[in-house]
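Q: Sharing a structure here in structure tokens format.
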Amino acid sequence: MVNEHIIATAITRAKHTTSAEIVAVVSKASDTYQSYVLLYGLMLGSMIAMGLWAERFVTDFPLLLAVQLGVTMMFSLLPWLHKPLVRLVPKHVRYRRAAHRAFEEYLVVTRHISAATPVLLFYVSLAERYAHILPGRSVREKIPDREWDAVIAEFTASMKTAGLERACTGAISRMAAMLAAHFPR
């Protein structure tokens with residue numbers, strides 16, 4: 001996980017250059033995906049139970065059901081199985097849920113900031129490998145989305161080479177520089 005102090009320091013430095021409010025959220029995951037974990041457990045449990053029944057090892061229905069439910073519960077309760085199972089969730093579902101969570105965070109942030117204040121939310125979700133910049137209305141009027149997309153592209157490229165903390169601080173610095181041109185301190 002990312003060192004919060006490093007991100008907070010980068011945001012503090014950014015506040016010295018721009019009057020815009022920059023908020024960074026780095027989340028382990030945007031969702032628990034429990035329904036998918038249970039679905040995968042139920043599917044594997046059903047295949048194991050079907051194999052036991054087809055090979056005539058177990059033909060008693062309550063025992064087959066117990067095997068099926070046991071495998072399902074194992075998937076749900078073993079934390080080390082969770083991360084690989086999240087990778088099996090379709091990418092569009094992971095991205096949609098991460099985007100939804102980013103918008104929820106944006107609503108929470110803007111609820112506590114006056115409408116006149118320019119706001120920028122930088123949202124990163126690690127499990128989904130998703131990053132998004134959500135600008136407030138006044139920021140969107142001055143800086144088009146394609147420029148924020150370029151910052152995200154730089155961030156994702158930097159993640160691979162420099163790591164999460166350096167990529168985050170670099171993205172925050174870049175956002176501050178872009179905001180300072182339109183919203184100086």
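Here, A, B, ... name the chains of the structure tokens in the order displayed, residue numbers run from 1 inside each chain, and ligands are numbered from 1 in the same displayed order.
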Using only C-alpha atoms, which residues sit within 12 Å of Leu164 in chain A once same-chain residues fewer than 2 positions away are excluded, as a ChimeraX atom specification?
A: /A:1-4,6-7,26-27,124-126,129,131,155-162,166-171
Q: Residues of range 21-110 of chain A within 12 Å of range 174-185 of chain A: nearest atom pair and distance (Å, one decimal) for each, counting only C-alpha atoms, sorted by chain and number, as a Markdown table?
A:
| residue | atom | partner | partner_atom | distance |
| --- | --- | --- | --- | --- |
| A:Glu21 | CA | A:Ala176 | CA | 9.5 |
| A:Ile22 | CA | A:Ala176 | CA | 7.9 |
| A:Val23 | CA | A:Met175 | CA | 10.8 |
| A:Ala24 | CA | A:Met175 | CA | 11.1 |
Q: Quick check for you: according to DSSP on this backbone, which residues of range 14-160 of chain A are classed as strand (DSSP E)? Reply as a PyMOL selection string.
A: chain A and resi 21-27+119-125+130-135
Q: Restricting the calculation to only C-alpha atoms, which member of A:Arg87, A:Gly136, A:Leu78, A:Leu42 is positioned closest to Val109 in chain A?
A: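 For Val109 in chain A, the nearest of the candidates is A:Gly136.
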Q: May I ask for the distance between CA of Arg101 in chain A and CA of Tyr123 in chain A, given in Å to one decimal place?
A: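 So the two atoms, CA of Arg101 in chain A and CA of Tyr123 in chain A, lie 9.0 Å apart.
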Q: Run DSSP on the backbone of this structure and report the residues of range 4-176 of chain A it assigns to alpha helix (DSSP H), as an NGL selection string.
A: :A and (4-15 or 34-54 or 61-77 or 79-88 or 91-111 or 137-142 or 145-162 or 164-176)
Q: Name the closest residue to Lys91 in chain A among the candidates A:Ile152, A:Ala115, A:Ala127, A:Leu38; distances are taken between atoms, counting only C-alpha atoms.
A: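 When distances to Lys91 in chain A are compared using only C-alpha atoms, the smallest one comes from A:Ala127.
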Q: What's the 9 Å shell around Ser138 in chain A, counting only C-alpha atoms, without same-chain residues fewer than 5 positions away, as a list in words?
A: Ala115, Ala116, Thr117, Pro118, Val119 and Ile143 of chain A
Q: Using only C-alpha atoms, can you tell me which of A:Ala14, A:Leu63, A:Gly41, A:Phe103 comes closest to Leu77 in chain A?
A: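 Looking at the shortest contact to Leu77 in chain A, the residue is A:Gly41.
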Q: Using only C-alpha atoms, which residues sit within 8 Å of Tyr36 in chain A once same-chain residues fewer than 6 positions away are excluded, as a PyMOL selection string?
A: chain A and resi 85-86+89
Q: Using only C-alpha atoms, determine which residues lie at most 10 Å from Leu64 in chain A, disregarding the query and same-chain residues fewer than 5 positions distant; provide the list as a PyMOL selection string.
A: chain A and resi 45-46+48-53+58-59+69-70
Q: By how many Å are CA of Ala10 in chain A and CA of Asp149 in chain A apart?
A: 20.1 Å
Q: Kindly give the distance, in Å, that separates CA of Val139 in chain A and CA of Lys15 in chain A, rounded to a single decimal.
A: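 Straight-line distance from CA of Val139 in chain A to CA of Lys15 in chain A works out to 15.2 Å.
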Q: Hey, which of A:Phe122, A:Trp148, A:Tyr130, A:Trp80 ends up closest to Ile11 in chain A? Count only C-alpha atoms.
A: A:Phe122
Q: Looking at A:Arg111, A:Thr17, A:Pro62, A:Tyr40, which one is nearest to Leu81 in chain A, with distances taken over only C-alpha atoms?
A: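 Of all the options, A:Tyr40 lies closest to Leu81 in chain A.
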